[in-house]
file coords39.txt (compact mmCIF, N, CA and C atoms)
# COMPACT_ATOMS: atom_id res chain seq x y z
N MET D 87 6.79 14.87 -6.73
CA MET D 87 6.90 13.81 -5.74
C MET D 87 6.73 12.47 -6.46
N ASP D 88 7.63 11.55 -6.19
CA ASP D 88 7.53 10.25 -6.87
C ASP D 88 6.49 9.37 -6.15
N PRO D 89 6.04 8.29 -6.80
CA PRO D 89 4.97 7.46 -6.23
C PRO D 89 5.30 6.90 -4.84
N LYS D 90 6.56 6.53 -4.61
CA LYS D 90 6.93 5.99 -3.30
C LYS D 90 6.76 7.07 -2.22
N GLU D 91 7.26 8.26 -2.47
CA GLU D 91 7.13 9.36 -1.51
C GLU D 91 5.66 9.70 -1.27
N GLU D 92 4.89 9.70 -2.35
CA GLU D 92 3.46 9.99 -2.25
C GLU D 92 2.77 8.95 -1.37
N TRP D 93 3.09 7.67 -1.58
CA TRP D 93 2.51 6.61 -0.77
C TRP D 93 2.85 6.79 0.71
N LEU D 94 4.13 7.02 0.99
CA LEU D 94 4.57 7.18 2.38
C LEU D 94 3.89 8.38 3.04
N ARG D 95 3.69 9.43 2.29
CA ARG D 95 3.15 10.66 2.86
C ARG D 95 1.63 10.64 3.00
N TYR D 96 0.94 10.07 2.01
CA TYR D 96 -0.51 10.22 1.95
C TYR D 96 -1.32 8.93 2.14
N SER D 97 -0.69 7.81 2.39
CA SER D 97 -1.45 6.55 2.50
C SER D 97 -2.41 6.56 3.69
N GLY D 98 -2.04 7.27 4.73
CA GLY D 98 -2.88 7.27 5.93
C GLY D 98 -2.63 6.08 6.83
N TRP D 99 -1.67 5.26 6.46
CA TRP D 99 -1.38 4.05 7.23
C TRP D 99 -0.27 4.33 8.23
N ASP D 100 -0.60 5.11 9.25
CA ASP D 100 0.39 5.43 10.27
C ASP D 100 -0.19 5.43 11.68
N ALA D 101 -1.38 4.89 11.83
CA ALA D 101 -2.06 4.90 13.13
C ALA D 101 -1.45 3.93 14.13
N SER D 102 -0.87 2.85 13.66
CA SER D 102 -0.30 1.85 14.56
C SER D 102 1.04 1.37 14.01
N GLU D 103 1.75 0.66 14.85
CA GLU D 103 3.03 0.09 14.40
C GLU D 103 2.82 -0.87 13.23
N HIS D 104 1.75 -1.65 13.31
CA HIS D 104 1.46 -2.61 12.23
C HIS D 104 1.11 -1.87 10.93
N ASP D 105 0.32 -0.80 11.03
CA ASP D 105 0.01 -0.01 9.84
C ASP D 105 1.28 0.52 9.20
N ARG D 106 2.18 1.06 10.00
CA ARG D 106 3.44 1.60 9.47
C ARG D 106 4.29 0.49 8.85
N TRP D 107 4.28 -0.69 9.47
CA TRP D 107 5.03 -1.83 8.95
C TRP D 107 4.52 -2.20 7.55
N LEU D 108 3.20 -2.31 7.40
CA LEU D 108 2.62 -2.62 6.09
C LEU D 108 2.89 -1.50 5.09
N ARG D 109 2.71 -0.25 5.52
CA ARG D 109 2.97 0.89 4.64
C ARG D 109 4.40 0.86 4.10
N ASP D 110 5.35 0.59 4.98
CA ASP D 110 6.76 0.56 4.58
C ASP D 110 7.08 -0.62 3.67
N ARG D 111 6.44 -1.77 3.91
CA ARG D 111 6.66 -2.92 3.03
C ARG D 111 6.15 -2.61 1.62
N ILE D 112 4.97 -1.99 1.54
CA ILE D 112 4.43 -1.62 0.23
C ILE D 112 5.34 -0.59 -0.43
N ALA D 113 5.81 0.38 0.34
CA ALA D 113 6.71 1.41 -0.20
C ALA D 113 7.96 0.78 -0.80
N SER D 114 8.46 -0.29 -0.19
CA SER D 114 9.68 -0.92 -0.70
C SER D 114 9.47 -1.50 -2.10
N LEU D 115 8.23 -1.82 -2.45
CA LEU D 115 7.95 -2.38 -3.78
C LEU D 115 8.20 -1.36 -4.89
N PHE D 116 8.08 -0.08 -4.58
CA PHE D 116 8.29 0.95 -5.59
C PHE D 116 9.74 0.97 -6.09
N ASP D 117 10.65 0.37 -5.33
CA ASP D 117 12.07 0.34 -5.72
C ASP D 117 12.44 -0.86 -6.59
N LEU D 118 11.54 -1.81 -6.73
CA LEU D 118 11.84 -3.03 -7.50
C LEU D 118 11.89 -2.76 -8.99
N GLN D 119 12.86 -3.35 -9.65
CA GLN D 119 12.99 -3.22 -11.09
C GLN D 119 12.00 -4.13 -11.83
N ASN D 120 11.81 -5.34 -11.31
CA ASN D 120 10.94 -6.32 -11.96
C ASN D 120 10.01 -6.95 -10.92
N PRO D 121 8.97 -6.23 -10.48
CA PRO D 121 8.07 -6.81 -9.49
C PRO D 121 7.28 -7.99 -10.06
N THR D 122 6.97 -8.94 -9.20
CA THR D 122 6.15 -10.08 -9.60
C THR D 122 4.73 -9.58 -9.89
N SER D 123 3.91 -10.43 -10.44
CA SER D 123 2.53 -10.01 -10.74
C SER D 123 1.77 -9.65 -9.46
N ARG D 124 2.00 -10.37 -8.39
CA ARG D 124 1.35 -10.03 -7.11
C ARG D 124 1.84 -8.68 -6.60
N GLN D 125 3.14 -8.43 -6.72
CA GLN D 125 3.69 -7.15 -6.29
C GLN D 125 3.17 -6.01 -7.17
N GLN D 126 3.03 -6.27 -8.47
CA GLN D 126 2.45 -5.27 -9.37
C GLN D 126 1.01 -4.95 -8.96
N GLN D 127 0.27 -5.98 -8.55
CA GLN D 127 -1.10 -5.78 -8.11
C GLN D 127 -1.12 -4.91 -6.84
N LEU D 128 -0.21 -5.17 -5.92
CA LEU D 128 -0.12 -4.35 -4.71
C LEU D 128 0.19 -2.90 -5.06
N LEU D 129 1.13 -2.68 -5.96
CA LEU D 129 1.47 -1.32 -6.37
C LEU D 129 0.27 -0.63 -7.02
N HIS D 130 -0.47 -1.36 -7.84
CA HIS D 130 -1.67 -0.79 -8.46
C HIS D 130 -2.70 -0.43 -7.40
N MET D 131 -2.93 -1.33 -6.46
CA MET D 131 -3.91 -1.08 -5.40
C MET D 131 -3.49 0.11 -4.53
N ALA D 132 -2.20 0.24 -4.25
CA ALA D 132 -1.70 1.36 -3.46
C ALA D 132 -1.94 2.68 -4.20
N SER D 133 -1.66 2.69 -5.49
CA SER D 133 -1.90 3.89 -6.29
C SER D 133 -3.39 4.23 -6.34
N LEU D 134 -4.20 3.19 -6.48
CA LEU D 134 -5.65 3.39 -6.49
C LEU D 134 -6.13 3.94 -5.16
N ARG D 135 -5.55 3.47 -4.07
CA ARG D 135 -5.92 3.98 -2.73
C ARG D 135 -5.68 5.47 -2.65
N LEU D 136 -4.55 5.94 -3.15
CA LEU D 136 -4.26 7.38 -3.10
C LEU D 136 -5.26 8.16 -3.95
N THR D 137 -5.64 7.61 -5.09
CA THR D 137 -6.61 8.28 -5.96
C THR D 137 -7.98 8.32 -5.30
N LEU D 138 -8.38 7.24 -4.67
CA LEU D 138 -9.73 7.15 -4.09
C LEU D 138 -9.90 8.03 -2.86
N GLN D 139 -8.82 8.43 -2.22
CA GLN D 139 -8.97 9.27 -1.03
C GLN D 139 -9.66 10.58 -1.35
N ASP D 140 -9.63 11.00 -2.60
CA ASP D 140 -10.29 12.24 -3.00
C ASP D 140 -11.77 12.04 -3.34
N LEU D 141 -12.22 10.81 -3.32
CA LEU D 141 -13.60 10.49 -3.67
C LEU D 141 -14.39 10.07 -2.44
N PRO D 142 -15.71 10.12 -2.52
CA PRO D 142 -16.52 9.61 -1.40
C PRO D 142 -16.21 8.14 -1.14
N ALA D 143 -16.28 7.74 0.11
CA ALA D 143 -15.96 6.37 0.51
C ALA D 143 -16.80 5.34 -0.25
N ALA D 144 -17.99 5.71 -0.65
CA ALA D 144 -18.88 4.78 -1.34
C ALA D 144 -18.39 4.44 -2.75
N ALA D 145 -17.41 5.17 -3.26
CA ALA D 145 -16.92 4.92 -4.62
C ALA D 145 -16.33 3.52 -4.76
N TYR D 146 -15.69 3.04 -3.71
CA TYR D 146 -15.08 1.69 -3.72
C TYR D 146 -14.91 1.32 -2.25
N PRO D 147 -16.00 0.98 -1.57
CA PRO D 147 -15.97 0.81 -0.12
C PRO D 147 -15.02 -0.26 0.41
N GLY D 148 -14.74 -1.29 -0.36
CA GLY D 148 -13.90 -2.37 0.14
C GLY D 148 -12.45 -2.29 -0.29
N GLN D 149 -12.05 -1.21 -0.96
CA GLN D 149 -10.72 -1.15 -1.55
C GLN D 149 -9.62 -1.21 -0.50
N GLU D 150 -9.74 -0.46 0.57
CA GLU D 150 -8.68 -0.48 1.58
C GLU D 150 -8.57 -1.86 2.22
N ALA D 151 -9.70 -2.50 2.49
CA ALA D 151 -9.68 -3.85 3.07
C ALA D 151 -9.02 -4.84 2.11
N GLU D 152 -9.31 -4.71 0.82
CA GLU D 152 -8.69 -5.59 -0.17
C GLU D 152 -7.18 -5.37 -0.22
N LEU D 153 -6.76 -4.11 -0.19
CA LEU D 153 -5.34 -3.80 -0.22
C LEU D 153 -4.64 -4.35 1.03
N ARG D 154 -5.25 -4.17 2.19
CA ARG D 154 -4.67 -4.70 3.43
C ARG D 154 -4.55 -6.21 3.38
N ALA D 155 -5.58 -6.89 2.91
CA ALA D 155 -5.57 -8.35 2.84
C ALA D 155 -4.46 -8.83 1.89
N LEU D 156 -4.33 -8.17 0.76
CA LEU D 156 -3.30 -8.53 -0.20
C LEU D 156 -1.91 -8.30 0.40
N ALA D 157 -1.73 -7.17 1.08
CA ALA D 157 -0.44 -6.87 1.72
C ALA D 157 -0.14 -7.86 2.84
N GLU D 158 -1.13 -8.20 3.63
CA GLU D 158 -0.93 -9.17 4.71
C GLU D 158 -0.49 -10.51 4.15
N THR D 159 -1.05 -10.90 3.02
CA THR D 159 -0.68 -12.16 2.40
C THR D 159 0.74 -12.12 1.86
N GLU D 160 1.08 -11.01 1.21
CA GLU D 160 2.41 -10.86 0.60
C GLU D 160 3.52 -10.74 1.66
N PHE D 161 3.23 -9.98 2.72
CA PHE D 161 4.24 -9.72 3.76
C PHE D 161 3.75 -10.33 5.06
N LYS D 162 4.13 -11.53 5.33
CA LYS D 162 3.73 -12.21 6.57
C LYS D 162 4.34 -11.44 7.75
N ASP D 163 3.47 -10.97 8.65
CA ASP D 163 3.93 -10.19 9.80
C ASP D 163 4.71 -11.09 10.74
N PRO D 164 5.95 -10.71 11.07
CA PRO D 164 6.78 -11.53 11.95
C PRO D 164 6.30 -11.54 13.39
N ALA D 165 5.40 -10.62 13.74
CA ALA D 165 4.93 -10.54 15.14
C ALA D 165 3.92 -11.59 15.48
call {"tool": "encode", "arguments": {"input": "coords39.txt", "output": "structure tokens"}}
result
Amino acid sequence: MDPKEEWLRYSGWDASEHDRWLRDRIASLFDLQNPTSRQQQLLHMASLRLTLQDLPAAAYPGQEAELRALAETEFKDPA
């Protein structure tokens, strides 16, 4: 399974329409040939999120919030 498919399947961001919107925007970054430094950071954080799901929440308690904040900044919600 490639990283984009893994993100879409295991991110856990499917509870709301907004979660799915953010999940899909992040997934689109996996297709970029030359992501910007901010986009590279988002991709790194998304990969880290998948890795951390196997660990206790205390391992990096603010990681998901940081990833969401970064994604919200990068992808301004049209709603």
call {"tool": "closest_residue", "arguments": {"input": "coords39.txt", "among": "D:Arg135, D:Asn120, D:Leu94, D:Ala145", "to": "D:Leu108", "atoms": "only C-alpha atoms"}}
result
D:Leu94
call {"tool": "closest_residue", "arguments": {"input": "coords39.txt", "among": "D:Glu92, D:Asp100, D:Asp110, D:Leu156", "to": "D:Leu136", "atoms": "only N, CA and C atoms"}}
result
D:Glu92
call {"tool": "closest_residue", "arguments": {"input": "coords39.txt", "among": "D:Gly148, D:Gln125, D:Ser97, D:Lys90", "to": "D:Ala113", "atoms": "all atoms listed in the file"}}
result
D:Lys90
call {"tool": "atom_distance", "arguments": {"input": "coords39.txt", "atom1": "atom CA of D:His130", "atom2": "atom CA of D:Ala151"}}
result
14.4 Å
call {"tool": "closest_residue", "arguments": {"input": "coords39.txt", "among": "D:Ala101, D:Leu138, D:Leu129, D:Ala155", "to": "D:Phe116", "atoms": "all atoms listed in the file"}}
result
D:Leu129
call {"tool": "closest_residue", "arguments": {"input": "coords39.txt", "among": "D:Asp88, D:Leu134, D:Leu128, D:Ala144", "to": "D:Ala157", "atoms": "all atoms listed in the file"}}
result
D:Leu128
call {"tool": "atom_distance", "arguments": {"input": "coords39.txt", "atom1": "atom CA of D:Tyr96", "atom2": "atom CA of D:Gln139"}}
result
9.0 Å
call {"tool": "atom_distance", "arguments": {"input": "coords39.txt", "atom1": "atom CA of D:Thr137", "atom2": "atom CA of D:Gln119"}}
result
23.3 Å
call {"tool": "closest_residue", "arguments": {"input": "coords39.txt", "among": "D:Arg95, D:Arg124, D:Pro89, D:Met131", "to": "D:Glu160", "atoms": "only N, CA and C atoms"}}
result
D:Arg124
